[in-house]
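**Q** File name run.txt; file contents compact mmCIF, C-alpha atoms and all ligand atoms; full text below.
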# COMPACT_ATOMS: atom_id res chain seq x y z
CA MET A 1 0.00 0.00 0.00
CA ARG A 2 1.19 3.47 -0.88
CA VAL A 3 0.59 6.17 1.71
CA SER A 4 -0.61 8.41 -1.14
CA ASN A 5 -3.49 5.95 -1.67
CA LEU A 6 -4.20 5.16 1.96
CA PHE A 7 -7.25 6.75 3.52
CA THR A 8 -5.79 8.16 6.70
CA LYS A 9 -4.52 11.36 8.25
CA THR A 10 -2.26 11.83 11.21
CA LEU A 11 -2.96 14.64 13.66
CA LYS A 12 -0.61 16.66 15.82
CA GLN A 13 -3.17 16.79 18.59
CA ALA A 14 -5.99 14.53 19.73
CA PRO A 15 -9.47 16.06 19.62
CA ALA A 16 -10.50 17.98 22.71
CA GLY A 17 -12.60 15.88 25.03
CA GLU A 18 -10.90 12.57 24.30
CA VAL A 19 -9.33 11.70 27.62
CA ALA A 20 -8.20 8.09 27.06
CA LYS A 21 -4.60 7.58 25.97
CA ASN A 22 -5.48 4.64 23.72
CA ALA A 23 -8.05 6.64 21.76
CA GLN A 24 -5.86 9.76 21.65
CA LEU A 25 -3.07 7.73 20.06
CA LEU A 26 -5.31 5.75 17.72
CA ILE A 27 -7.06 8.92 16.51
CA ARG A 28 -3.81 10.87 16.08
CA ALA A 29 -2.21 7.99 14.17
CA GLY A 30 -5.22 7.68 11.85
CA TYR A 31 -6.51 4.29 13.02
CA VAL A 32 -9.91 5.30 14.35
CA TYR A 33 -12.36 8.18 14.09
CA LYS A 34 -14.48 9.15 17.05
CA GLU A 35 -18.14 9.55 16.16
CA MET A 36 -19.29 10.16 19.74
CA ALA A 37 -18.36 8.96 23.21
CA GLY A 38 -18.17 5.17 23.13
CA ALA A 39 -18.58 4.90 19.34
CA TYR A 40 -15.60 4.75 17.03
CA ALA A 41 -15.20 4.15 13.30
CA TYR A 42 -12.29 1.91 12.30
CA LEU A 43 -10.28 3.34 9.41
CA PRO A 44 -8.16 1.14 7.09
CA LEU A 45 -5.16 0.94 9.45
CA GLY A 46 -7.34 0.25 12.47
CA LEU A 47 -9.32 -2.36 10.58
CA ARG A 48 -6.14 -4.23 9.67
CA VAL A 49 -5.13 -4.38 13.34
CA LEU A 50 -8.60 -5.61 14.32
CA GLU A 51 -8.49 -8.26 11.60
CA ASN A 52 -5.08 -9.42 12.82
CA ILE A 53 -6.37 -9.74 16.38
CA LYS A 54 -9.46 -11.58 15.13
CA GLN A 55 -7.36 -13.95 13.06
CA ILE A 56 -5.32 -15.02 16.09
CA VAL A 57 -8.50 -15.57 18.09
CA ARG A 58 -10.10 -17.40 15.13
CA GLU A 59 -7.16 -19.80 14.81
CA GLU A 60 -7.23 -20.65 18.50
CA MET A 61 -11.02 -21.16 18.60
CA ASN A 62 -10.85 -23.35 15.48
CA ALA A 63 -8.11 -25.34 17.21
CA ILE A 64 -10.59 -26.36 19.93
CA ASP A 65 -13.11 -27.40 17.25
CA SER A 66 -15.40 -24.40 17.45
CA ASN A 67 -17.36 -23.27 14.35
CA GLU A 68 -17.63 -19.63 13.26
CA VAL A 69 -21.10 -18.12 12.70
CA VAL A 70 -22.63 -14.63 12.75
CA MET A 71 -25.88 -14.00 14.57
CA THR A 72 -28.06 -10.90 14.35
CA THR A 73 -27.99 -7.73 16.43
CA LEU A 74 -31.81 -7.56 16.51
CA GLN A 75 -33.14 -9.75 19.32
CA ARG A 76 -36.57 -10.94 20.44
CA ARG A 77 -38.00 -9.82 23.74
CA ASP A 78 -39.76 -13.15 24.48
CA ILE A 79 -36.46 -15.07 24.38
CA TRP A 80 -34.88 -12.86 27.04
CA GLU A 81 -38.03 -12.94 29.14
CA LYS A 82 -37.61 -16.70 29.61
CA THR A 83 -34.57 -16.10 31.83
CA GLY A 84 -35.76 -12.81 33.32
CA ARG A 85 -33.02 -10.84 31.57
CA TRP A 86 -35.23 -8.56 29.44
CA SER A 87 -35.78 -6.36 32.49
CA ASP A 88 -33.74 -3.14 32.67
CA ASP A 89 -33.47 -3.70 36.41
CA VAL A 90 -31.64 -6.96 35.79
CA VAL A 91 -29.57 -5.88 32.75
CA ASP A 92 -28.73 -2.19 32.95
CA VAL A 93 -27.04 -1.80 29.53
CA TRP A 94 -29.92 -2.66 27.18
CA PHE A 95 -30.52 -0.59 24.08
CA LYS A 96 -34.06 -1.30 22.96
CA THR A 97 -36.00 -0.36 19.86
CA LYS A 98 -39.38 -1.02 18.20
CA LEU A 99 -40.67 -2.31 14.88
CA GLN A 100 -43.24 -0.18 13.05
CA ASP A 101 -46.01 -2.35 14.52
CA ASP A 102 -44.71 -1.57 18.02
CA THR A 103 -43.08 -4.99 18.59
CA GLU A 104 -40.22 -4.41 21.02
CA LEU A 105 -36.72 -5.57 20.13
CA GLY A 106 -33.40 -5.52 21.91
CA LEU A 107 -30.02 -4.72 20.37
CA GLY A 108 -27.67 -7.54 21.31
CA TRP A 109 -25.45 -6.86 24.31
CA SER A 110 -24.81 -10.64 24.55
CA HIS A 111 -26.08 -13.67 22.58
CA GLU A 112 -26.48 -16.28 25.30
CA GLU A 113 -30.28 -16.50 25.20
CA PRO A 114 -30.59 -16.18 21.38
CA ILE A 115 -28.08 -18.98 20.83
CA VAL A 116 -29.88 -21.36 23.19
CA GLU A 117 -33.08 -20.57 21.29
CA MET A 118 -31.35 -21.22 17.96
CA MET A 119 -29.98 -24.56 19.15
CA LYS A 120 -33.50 -25.88 19.75
CA GLN A 121 -33.69 -26.39 16.00
CA TYR A 122 -30.32 -28.18 15.77
CA VAL A 123 -29.74 -30.15 18.96
CA HIS A 124 -32.10 -33.01 19.80
CA SER A 125 -30.04 -36.07 20.57
CA TYR A 126 -26.76 -36.96 22.23
CA LYS A 127 -25.51 -37.51 18.67
CA ASP A 128 -25.75 -33.74 18.06
CA LEU A 129 -23.39 -33.00 20.96
CA PRO A 130 -20.95 -31.61 21.86
CA VAL A 131 -21.11 -28.48 19.77
CA SER A 132 -19.21 -25.21 20.00
CA LEU A 133 -19.98 -22.03 18.04
CA TYR A 134 -18.34 -18.62 18.04
CA GLN A 135 -18.73 -15.29 16.32
CA PHE A 136 -17.17 -11.87 16.00
CA GLN A 137 -20.05 -9.56 16.61
CA THR A 138 -20.78 -5.94 17.21
CA LYS A 139 -22.34 -5.70 20.65
CA MET A 140 -24.42 -2.77 21.83
CA ARG A 141 -24.32 -1.74 25.47
CA ASN A 142 -25.71 1.45 26.92
CA GLU A 143 -22.72 1.90 29.23
CA LEU A 144 -23.08 4.62 31.86
CA ARG A 145 -19.54 5.89 31.37
CA ALA A 146 -17.54 5.64 28.16
CA LYS A 147 -14.33 7.42 29.05
CA SER A 148 -11.83 4.65 28.35
CA GLY A 149 -11.64 5.12 24.59
CA VAL A 150 -11.98 1.91 22.58
CA MET A 151 -11.54 -0.08 25.80
CA ARG A 152 -15.16 0.68 26.70
CA GLY A 153 -17.44 1.19 23.73
CA ARG A 154 -21.19 1.54 23.63
CA GLU A 155 -20.75 -0.33 20.37
CA PHE A 156 -17.82 -2.75 20.27
CA VAL A 157 -16.60 -6.01 18.79
CA MET A 158 -16.60 -9.13 20.94
CA LYS A 159 -15.68 -12.70 20.18
CA ASP A 160 -18.29 -14.76 21.92
CA MET A 161 -18.28 -18.53 21.96
CA TYR A 162 -20.83 -20.99 23.33
CA SER A 163 -20.32 -24.69 23.92
CA MET A 164 -22.97 -27.34 24.62
CA HIS A 165 -22.46 -30.71 26.24
CA THR A 166 -24.20 -33.85 27.43
CA SER A 167 -22.75 -33.73 30.93
CA LYS A 168 -21.14 -31.54 33.54
CA GLU A 169 -17.87 -33.48 33.18
CA GLU A 170 -17.76 -32.95 29.43
CA LEU A 171 -18.42 -29.21 29.87
CA ASP A 172 -15.73 -28.96 32.58
CA GLY A 173 -13.23 -30.59 30.22
CA TYR A 174 -14.03 -28.20 27.39
CA TYR A 175 -13.95 -25.25 29.79
CA GLU A 176 -10.36 -26.18 30.71
CA GLN A 177 -9.48 -26.41 27.01
CA ALA A 178 -10.96 -22.95 26.50
CA ILE A 179 -8.79 -21.54 29.32
CA GLU A 180 -5.69 -22.93 27.59
CA ALA A 181 -6.84 -21.55 24.22
CA TYR A 182 -7.35 -18.13 25.82
CA LYS A 183 -3.85 -18.22 27.30
CA ARG A 184 -2.43 -18.90 23.83
CA VAL A 185 -4.42 -15.97 22.43
CA TYR A 186 -3.01 -13.50 24.98
CA GLU A 187 0.46 -14.93 24.50
CA ARG A 188 0.26 -14.39 20.73
CA LEU A 189 -1.13 -10.89 21.24
CA GLY A 190 1.99 -10.02 23.21
CA VAL A 191 0.32 -9.60 26.63
CA GLY A 192 0.71 -13.17 27.93
CA ALA A 193 3.14 -12.28 30.71
CA ASP A 194 0.86 -9.48 31.96
CA THR A 195 -2.43 -11.36 31.81
CA TYR A 196 -3.80 -13.23 34.82
CA VAL A 197 -6.65 -15.67 35.11
CA THR A 198 -8.78 -14.81 38.13
CA PHE A 199 -11.69 -16.52 39.79
CA ALA A 200 -14.68 -14.27 39.52
CA SER A 201 -18.08 -14.35 41.20
CA GLY A 202 -19.21 -17.64 42.59
CA GLY A 203 -16.35 -18.33 44.99
CA ALA A 204 -12.71 -19.09 44.53
CA PHE A 205 -12.97 -22.82 43.92
CA THR A 206 -16.39 -23.23 42.43
CA LYS A 207 -15.01 -22.43 38.98
CA PHE A 208 -18.25 -20.79 37.97
CA SER A 209 -16.50 -18.08 36.03
CA HIS A 210 -13.03 -16.81 35.27
CA GLU A 211 -11.78 -13.45 34.13
CA PHE A 212 -8.66 -12.71 32.14
CA GLN A 213 -7.17 -9.49 33.46
CA THR A 214 -4.29 -7.61 31.82
CA VAL A 215 -2.17 -5.29 33.93
CA CYS A 216 -2.67 -1.75 32.62
CA GLU A 217 -2.40 1.66 34.31
CA ALA A 218 -5.58 2.85 32.59
CA GLY A 219 -7.55 -0.18 33.75
CA GLU A 220 -10.91 0.16 35.47
CA ASP A 221 -10.48 -3.05 37.50
CA VAL A 222 -8.16 -4.03 40.34
CA ILE A 223 -6.75 -7.48 41.01
CA TYR A 224 -4.71 -8.70 43.95
CA LEU A 225 -1.48 -10.48 43.15
CA HIS A 226 0.77 -12.80 45.07
CA ARG A 227 3.68 -12.83 42.65
CA GLU A 228 5.68 -15.60 44.37
CA LYS A 229 2.77 -17.98 44.69
CA ASN A 230 1.43 -16.87 41.29
CA ILE A 231 -2.01 -16.19 42.70
CA ALA A 232 -4.31 -13.57 41.23
CA VAL A 233 -7.54 -12.71 42.98
CA ASN A 234 -10.46 -10.67 41.81
CA GLU A 235 -11.57 -7.73 43.94
CA GLU A 236 -15.16 -9.01 44.22
CA VAL A 237 -14.09 -12.26 45.86
CA LEU A 238 -11.03 -10.99 47.74
CA ASP A 239 -12.02 -11.88 51.30
CA GLU A 240 -13.45 -15.25 50.44
CA ALA A 241 -10.56 -16.18 48.13
CA ALA A 242 -7.83 -15.07 50.54
CA ALA A 243 -9.39 -17.25 53.23
CA GLU A 244 -9.75 -20.25 50.92
CA LEU A 245 -6.22 -19.93 49.58
CA GLY A 246 -4.76 -19.38 53.03
CA VAL A 247 -3.00 -16.12 52.22
CA ASP A 248 -2.95 -12.96 54.26
CA LYS A 249 -4.66 -10.11 52.41
CA ALA A 250 -1.77 -7.84 53.42
CA GLU A 251 0.62 -9.98 51.32
CA LEU A 252 -1.34 -9.26 48.16
CA GLU A 253 -0.40 -6.40 45.87
CA ALA A 254 -3.22 -4.39 44.26
CA VAL A 255 -2.68 -3.71 40.54
CA LYS A 256 -4.86 -1.94 38.00
CA THR A 257 -6.09 -4.17 35.19
CA VAL A 258 -8.41 -4.38 32.22
CA GLU A 259 -10.78 -7.32 31.82
CA VAL A 260 -9.86 -8.70 28.39
CA GLY A 261 -11.86 -11.91 28.62
CA ASN A 262 -14.52 -13.59 30.71
CA ILE A 263 -15.72 -17.18 30.61
CA PHE A 264 -18.69 -18.77 32.33
CA ASN A 265 -19.61 -22.31 33.23
CA PHE A 266 -23.41 -22.16 33.33
CA GLY A 267 -24.03 -25.80 34.04
CA SER A 268 -27.60 -26.59 32.92
CA GLN A 269 -29.33 -23.63 34.54
CA LYS A 270 -29.89 -21.55 31.43
CA THR A 271 -30.85 -24.44 29.15
CA ASP A 272 -33.31 -25.73 31.76
CA GLU A 273 -34.86 -22.26 32.01
CA MET A 274 -35.18 -22.12 28.24
CA ASP A 275 -36.35 -25.73 27.72
CA LEU A 276 -33.41 -26.95 25.68
CA TYR A 277 -32.85 -30.68 26.39
CA TYR A 278 -31.48 -33.67 24.52
CA THR A 279 -32.36 -37.35 24.50
CA ASP A 280 -29.72 -39.83 25.58
CA ALA A 281 -28.98 -43.26 24.06
CA ASP A 282 -31.87 -44.74 26.04
CA GLY A 283 -34.29 -42.17 24.67
CA LYS A 284 -34.52 -40.32 27.99
CA GLN A 285 -34.70 -36.53 28.14
CA GLN A 286 -31.62 -35.01 29.77
CA SER A 287 -30.37 -31.57 30.81
CA LEU A 288 -27.86 -29.91 28.53
CA TYR A 289 -24.75 -28.15 29.84
CA ILE A 290 -23.40 -24.90 28.40
CA GLY A 291 -20.42 -22.60 28.71
CA SER A 292 -20.02 -19.05 27.40
CA TYR A 293 -16.67 -17.51 26.51
CA GLY A 294 -16.01 -13.82 25.62
CA ILE A 295 -13.01 -11.80 24.49
CA GLY A 296 -13.17 -8.05 23.87
CA ILE A 297 -11.62 -7.61 20.42
CA THR A 298 -11.77 -3.82 20.15
CA ARG A 299 -10.93 -3.53 23.86
CA MET A 300 -7.83 -5.67 23.19
CA MET A 301 -6.69 -3.19 20.55
CA GLY A 302 -7.06 -0.40 23.11
CA VAL A 303 -5.13 -2.29 25.78
CA ILE A 304 -2.24 -2.96 23.38
CA ALA A 305 -2.22 0.70 22.31
CA GLU A 306 -2.09 1.74 25.99
CA LYS A 307 0.68 -0.66 26.92
CA MET A 308 2.78 -0.62 23.79
CA SER A 309 3.38 3.02 23.05
CA ASP A 310 5.87 5.77 23.92
CA ASP A 311 6.13 9.54 23.62
CA LYS A 312 6.42 9.24 19.81
CA GLY A 313 3.33 7.09 19.33
CA LEU A 314 2.19 3.49 18.95
CA VAL A 315 4.54 0.49 19.02
CA TRP A 316 2.66 -2.53 17.59
CA PRO A 317 3.97 -6.03 18.15
CA GLU A 318 4.81 -7.66 14.79
CA ASN A 319 1.90 -10.08 14.61
CA ILE A 320 -0.84 -7.49 14.91
CA ALA A 321 0.78 -4.46 13.25
CA PRO A 322 -1.15 -3.26 10.18
CA TYR A 323 2.03 -3.47 8.07
CA ARG A 324 5.45 -4.83 8.92
CA VAL A 325 7.57 -2.33 7.07
CA TYR A 326 7.25 1.43 6.63
CA LEU A 327 9.28 2.40 3.58
CA VAL A 328 10.51 6.00 3.44
CA SER A 329 12.09 7.48 0.33
CA ILE A 330 14.16 10.66 0.40
CA GLY A 331 15.32 12.48 -2.73
CA GLU A 332 15.21 11.49 -6.39
CA GLN A 333 17.61 8.53 -6.34
CA GLY A 334 16.13 7.38 -3.06
CA GLY A 335 12.72 7.46 -4.73
CA LYS A 336 13.84 5.17 -7.56
CA ARG A 337 15.37 2.69 -5.12
CA ALA A 338 12.29 2.75 -2.94
CA ASP A 339 10.03 2.09 -5.97
CA ALA A 340 12.07 -0.99 -6.82
CA LEU A 341 12.25 -2.21 -3.22
CA TYR A 342 8.49 -1.75 -2.84
CA GLU A 343 7.88 -4.14 -5.75
CA THR A 344 10.40 -6.65 -4.40
CA LEU A 345 8.90 -6.67 -0.91
CA LYS A 346 5.37 -7.05 -2.27
CA SER A 347 6.46 -9.99 -4.46
CA LYS A 348 7.90 -11.67 -1.37
CA GLY A 349 4.69 -11.20 0.57
CA ILE A 350 6.24 -8.73 3.04
CA GLU A 351 3.53 -6.28 4.06
CA VAL A 352 4.81 -2.82 3.34
CA LEU A 353 3.42 0.68 3.65
CA TYR A 354 5.34 2.89 1.21
CA ASP A 355 5.53 6.57 2.08
CA ASP A 356 5.76 7.89 -1.47
CA ARG A 357 4.48 11.36 -0.55
CA ASP A 358 6.29 14.53 -1.43
CA GLU A 359 6.87 15.40 2.21
CA ARG A 360 9.84 16.43 4.35
CA PRO A 361 11.82 13.45 5.70
CA GLY A 362 11.10 14.60 9.25
CA ALA A 363 7.35 14.46 8.64
CA LYS A 364 7.62 10.95 7.16
CA PHE A 365 9.72 9.71 10.08
CA ALA A 366 7.32 11.22 12.59
CA ASP A 367 4.34 9.50 10.92
CA ALA A 368 6.17 6.16 10.81
CA GLU A 369 6.79 6.45 14.53
CA LEU A 370 3.29 7.65 15.41
CA MET A 371 1.73 4.80 13.41
CA GLY A 372 3.98 2.33 15.20
CA ILE A 373 4.97 0.16 12.22
CA PRO A 374 7.61 -2.30 13.54
CA ILE A 375 10.35 -1.71 10.94
CA ARG A 376 11.24 1.43 9.03
CA VAL A 377 13.38 1.16 5.91
CA THR A 378 14.81 4.35 4.42
CA THR A 379 16.36 4.99 1.02
CA SER A 380 18.04 8.28 0.21
CA ASP A 381 20.54 9.88 -2.13
CA ARG A 382 22.99 10.09 0.75
CA LEU A 383 22.65 6.36 1.54
CA GLY A 384 23.42 5.46 -2.10
CA ASP A 385 23.26 1.68 -2.54
CA SER A 386 22.57 1.09 1.14
CA TYR A 387 19.37 0.99 3.14
CA GLU A 388 18.72 2.20 6.64
CA TYR A 389 16.83 -0.33 8.78
CA THR A 390 15.30 0.91 12.04
CA GLU A 391 13.31 -1.03 14.61
CA ARG A 392 10.44 0.95 16.12
CA ALA A 393 10.50 -0.81 19.50
CA SER A 394 14.23 -0.59 20.25
CA GLY A 395 15.17 2.32 18.02
CA GLU A 396 18.14 0.25 16.82
CA THR A 397 19.38 1.33 13.40
CA LEU A 398 21.52 -0.63 10.92
CA VAL A 399 22.86 0.32 7.49
CA LEU A 400 22.47 -2.71 5.21
CA THR A 401 23.12 -3.75 1.63
CA HIS A 402 20.18 -4.85 -0.51
CA ASP A 403 20.86 -8.55 0.13
CA GLU A 404 21.41 -8.06 3.85
CA LEU A 405 18.15 -6.15 4.10
CA LEU A 406 16.15 -8.85 2.33
CA ALA A 407 17.77 -11.58 4.40
CA LYS A 408 16.89 -9.71 7.59
CA LEU A 409 13.29 -9.10 6.56
CA GLU A 410 12.78 -12.69 5.42
CA GLN A 411 14.44 -14.23 8.45
CA SER A 412 12.30 -12.46 11.04
CA GLN A 413 9.04 -12.99 9.14
P1 LIG B 1 -16.90 -4.84 32.19
O1 LIG B 1 -16.86 -5.42 33.57
O2 LIG B 1 -15.57 -4.29 31.75
O3 LIG B 1 -18.04 -3.91 31.96
P2 LIG B 1 -18.33 -7.17 31.39
O4 LIG B 1 -17.95 -8.09 32.50
O5 LIG B 1 -19.65 -6.51 31.43
O6 LIG B 1 -17.18 -6.07 31.21
P3 LIG B 1 -18.64 -9.38 29.56
O7 LIG B 1 -20.11 -9.40 29.47
O8 LIG B 1 -17.95 -10.38 30.39
O9 LIG B 1 -18.17 -7.91 29.97
O10 LIG B 1 -18.08 -9.36 28.05
C1 LIG B 1 -17.02 -10.17 27.58
C2 LIG B 1 -15.82 -9.32 27.22
O11 LIG B 1 -16.16 -8.27 26.31
C3 LIG B 1 -15.21 -8.61 28.39
O12 LIG B 1 -14.33 -9.47 29.08
C4 LIG B 1 -14.50 -7.45 27.72
O13 LIG B 1 -13.22 -7.87 27.26
C5 LIG B 1 -15.37 -7.13 26.54
N1 LIG B 1 -16.24 -5.96 26.81
C6 LIG B 1 -17.27 -5.89 27.69
N2 LIG B 1 -17.84 -4.68 27.67
C7 LIG B 1 -17.15 -3.95 26.76
C8 LIG B 1 -17.28 -2.61 26.28
N3 LIG B 1 -18.24 -1.79 26.73
N4 LIG B 1 -16.39 -2.19 25.34
C9 LIG B 1 -15.44 -3.02 24.86
N5 LIG B 1 -15.29 -4.30 25.28
C10 LIG B 1 -16.12 -4.76 26.21
MG MG B 2 -17.12 -9.79 32.35
Could I get this file's structure written as structure tokens?
**A**
Amino acid sequence: MRVSNLFTKTLKQAPAGEVAKNAQLLIRAGYVYKEMAGAYAYLPLGLRVLENIKQIVREEMNAIDSNEVVMTTLQRRDIWEKTGRWSDDVVDVWFKTKLQDDTELGLGWSHEEPIVEMMKQYVHSYKDLPVSLYQFQTKMRNELRAKSGVMRGREFVMKDMYSMHTSKEELDGYYEQAIEAYKRVYERLGVGADTYVTFASGGAFTKFSHEFQTVCEAGEDVIYLHREKNIAVNEEVLDEAAAELGVDKAELEAVKTVEVGNIFNFGSQKTDEMDLYYTDADGKQQSLYIGSYGIGITRMMGVIAEKMSDDKGLVWPENIAPYRVYLVSIGEQGGKRADALYETLKSKGIEVLYDDRDERPGAKFADAELMGIPIRVTTSDRLGDSYEYTERASGETLVLTHDELLAKLEQSQ
């Protein structure tokens, strides 16, 4: 992609009123556009990052035999009434709307009830189980406060997965597999070392639900860590968990975190409430067990922007960066070399953003840094046959020949 063709614009200053660092950076670097508090448009660069995050999640969900689907945002009131969750007193983030004939609809903040309803048509016998489905979906939540940039949207992308099983044991087994899959996701997204699995509501050992919490200064949550014993405890269950684990609360260190994932073991409560059963090999009707597994995709992008950035801008890890190489040409000879290198890199499948604009070198360098592309390659009249290779994260710069440059780019790919 040539910068001259790319729909984007960097800004010197974030718009007034945007208080979150992640959104300030993403807006300034031309990744997102703020439509209103809690609602952001994803521009081409931002979309590429989102797609990269989704692809990692997709691969890990496919690896535990889940199937991708897309459900609708429009949801029926009667389905949510079956579990008592249509009420605004029970769920305080509903956006609701009406058809022209006054039929009330909800805009999906979750898809737990709609998926159970859908499965009534597909799951009848033990032969239809287990089954696991997931989707990347735009969720709508009427959040009270939306001051954390893309980390808390009123409209945001979530990966939600639902698994259905013939027994509690089978669900527990899959739930453990999902925890491992989630750990691989956070590892691949570059936040593995900073992400803790915590027991959430329901007691420390009941394993009713788990949260994945990433350490982040801008986080809205707090977890309590025992670094030596590798224990992480959720604030909600602190007293209970400390007692059960036999640790003194004073030994735990409070750290700010962002909830990047949340998984629930529902047992058969929800399916019983909604009349979804299956028949076993003896033809007897049995309860069906389900789990629900969420990851905030757009929130993840915000967390990475918060954590991986410096005073010059964003610093994307290689596997989610929108492009790997930012190619800068300076001067007439530099321009010819850059044109040729651009074609070579494209033919080798190396994703390159080519700054072919007639701009000052300083402006091009500043944009490369603000956008956070992992590697900058510069050609110039002064460099002659050589190429300057600079890593965004370390700032390390090398002057390389054409062959050395290609070897370096191919080796680290
Ligand atoms: P929070 O406590 O932060 O409000 P939640 O517990 O209500 O989140 P879940 O219903 O568990 O959220 O949703 C699954 C995941 O979706 C969360 O772990 C989070 O990563 C993401 N998520 C939830 N709400 C938002 C939001 N408003 N904006 C962006 N991502 C969100
Ligand atoms: Mg949650």
**Q** Quick one: pull the distance between atom CA of Glu143 of chain A and atom C4 of ligand LIG 1 (chain B), Å, one decimal.
**A**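 Interatomic distance, atom CA of Glu143 of chain A to atom C4 of ligand LIG 1 (chain B): 12.5 Å.
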**Q** From the list A:Ala200, A:Tyr387, A:Met274, A:Ala254, which residue is nearest ligand MG 2 (chain B) when using all atoms listed in the file?
**A**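 Of the candidates, the smallest distance to ligand MG 2 (chain B) is held by A:Ala200.
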**Q** Applying 9 Å and all atoms listed in the file, which residues near Gly372 of chain A remain after dropping the ones on its own chain fewer than 3 positions away? List them as a short mmCIF file (atom, residue, chain, number, x, y, z; two decimals) with C-alpha atoms, in the frame of the given file.
**A**
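File written: part-v4.cif
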data_model
loop_
_atom_site.label_atom_id
_atom_site.label_comp_id
_atom_site.auth_asym_id
_atom_site.auth_seq_id
_atom_site.Cartn_x
_atom_site.Cartn_y
_atom_site.Cartn_z
CA ALA A 29 -2.21 7.99 14.17
CA SER A 309 3.38 3.02 23.05
CA LYS A 312 6.42 9.24 19.81
CA GLY A 313 3.33 7.09 19.33
CA LEU A 314 2.19 3.49 18.95
CA VAL A 315 4.54 0.49 19.02
CA TRP A 316 2.66 -2.53 17.59
CA PRO A 317 3.97 -6.03 18.15
CA ALA A 321 0.78 -4.46 13.25
CA ASP A 367 4.34 9.50 10.92
CA ALA A 368 6.17 6.16 10.81
CA GLU A 369 6.79 6.45 14.53
CA ILE A 375 10.35 -1.71 10.94
CA ARG A 392 10.44 0.95 16.12
CA ALA A 393 10.50 -0.81 19.50
#
**Q** Show me a table, sorted first by chain and then by increasing residue number, of the residues of chain A having an atom at most 7 Å from ligand MG 2 (chain B), each with its shortest atom pair and the distance in Å to one decimal, counting only C-alpha atoms and all ligand atoms and written as a tab-separated table.
**A**
residue	atom	partner	partner_atom	distance
A:Glu211	CA	B:MG2	MG	6.7
A:Glu259	CA	B:MG2	MG	6.8
A:Gly261	CA	B:MG2	MG	6.8
A:Asn262	CA	B:MG2	MG	4.9
**Q** Pick the closest to ligand LIG 1 (chain B) from A:Asp65, A:Asp101, A:Asp221, A:Glu169: which is it, counting only C-alpha atoms and all ligand atoms?
**A**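 The answer is A:Asp221, which sits nearest to ligand LIG 1 (chain B).
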**Q** What are the nearest atom pairs, with distances in Å to one decimal, for all residues of chain A that come at most 9 Å from ligand LIG 1 (chain B), using only C-alpha atoms and all ligand atoms, set out by chain and rising residue number as CSV?
**A**
residue,atom,partner,partner_atom,distance
A:Gly38,CA,B:LIG1,N3,7.8
A:Val93,CA,B:LIG1,O5,9.0
A:Trp109,CA,B:LIG1,O7,7.8
A:Ser110,CA,B:LIG1,O7,6.9
A:Lys139,CA,B:LIG1,C8,8.2
A:Met140,CA,B:LIG1,N3,7.9
A:Arg141,CA,B:LIG1,N3,6.2
A:Asn142,CA,B:LIG1,N3,8.1
A:Glu143,CA,B:LIG1,N3,6.3
A:Ala146,CA,B:LIG1,N3,7.6
A:Ser148,CA,B:LIG1,N4,8.8
A:Gly149,CA,B:LIG1,N4,8.7
A:Val150,CA,B:LIG1,C9,6.4
A:Met151,CA,B:LIG1,C9,5.0
A:Arg152,CA,B:LIG1,N4,3.4
A:Gly153,CA,B:LIG1,N4,3.9
A:Arg154,CA,B:LIG1,N3,5.4
A:Glu155,CA,B:LIG1,N4,6.9
A:Phe156,CA,B:LIG1,C9,5.2
A:Val157,CA,B:LIG1,N5,6.8
A:Met158,CA,B:LIG1,O11,5.5
A:Lys159,CA,B:LIG1,O11,7.6
A:Asp160,CA,B:LIG1,C1,7.4
A:Glu211,CA,B:LIG1,O12,6.9
A:Phe212,CA,B:LIG1,O12,7.2
A:Gln213,CA,B:LIG1,O12,8.4
A:Glu220,CA,B:LIG1,O2,7.4
A:Asp221,CA,B:LIG1,O2,7.8
A:Val258,CA,B:LIG1,O2,7.2
A:Glu259,CA,B:LIG1,O12,5.0
A:Val260,CA,B:LIG1,O13,3.6
A:Gly261,CA,B:LIG1,O12,3.5
A:Asn262,CA,B:LIG1,O12,4.4
A:Ile263,CA,B:LIG1,O8,7.2
A:Phe264,CA,B:LIG1,O8,8.6
A:Tyr293,CA,B:LIG1,C1,7.4
A:Gly294,CA,B:LIG1,C1,4.3
A:Ile295,CA,B:LIG1,C2,4.6
A:Gly296,CA,B:LIG1,O13,3.4
A:Ile297,CA,B:LIG1,N5,6.9
A:Thr298,CA,B:LIG1,C9,6.0
A:Arg299,CA,B:LIG1,C9,4.6
A:Met300,CA,B:LIG1,O13,7.1
A:Gly302,CA,B:LIG1,C9,9.0
**Q** I need the residue nearest Met61 of chain A from this list: A:Leu370, A:Ile179, A:Val377, A:Val325. Use all atoms listed in the file for the distance.
**A** A:Ile179
**Q** Leaving out segment 186-189 of chain A and any residue of its chain fewer than 5 positions from it, which residues lie within 8 Å of it when counting only C-alpha atoms, given as a PDB file with C-alpha atoms, keeping the file's coordinate frame?
**A**
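Wrote it out as around.pdb, contents follow:
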ATOM      1  CA  ILE A  53      -6.370  -9.740  16.380  1.00  0.00           C
ATOM      2  CA  ILE A  56      -5.320 -15.020  16.090  1.00  0.00           C
ATOM      3  CA  THR A 195      -2.430 -11.360  31.810  1.00  0.00           C
ATOM      4  CA  PRO A 317       3.970  -6.030  18.150  1.00  0.00           C
ATOM      5  CA  ASN A 319       1.900 -10.080  14.610  1.00  0.00           C
ATOM      6  CA  ILE A 320      -0.840  -7.490  14.910  1.00  0.00           C
TER       7      ILE A 320
END
**Q** Would you mind reading off the distance between atom CA of Leu400 of chain A and atom CA of Leu45 of chain A, one decimal, in Å?
**A**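 Interatomic distance, atom CA of Leu400 of chain A to atom CA of Leu45 of chain A: 28.2 Å.
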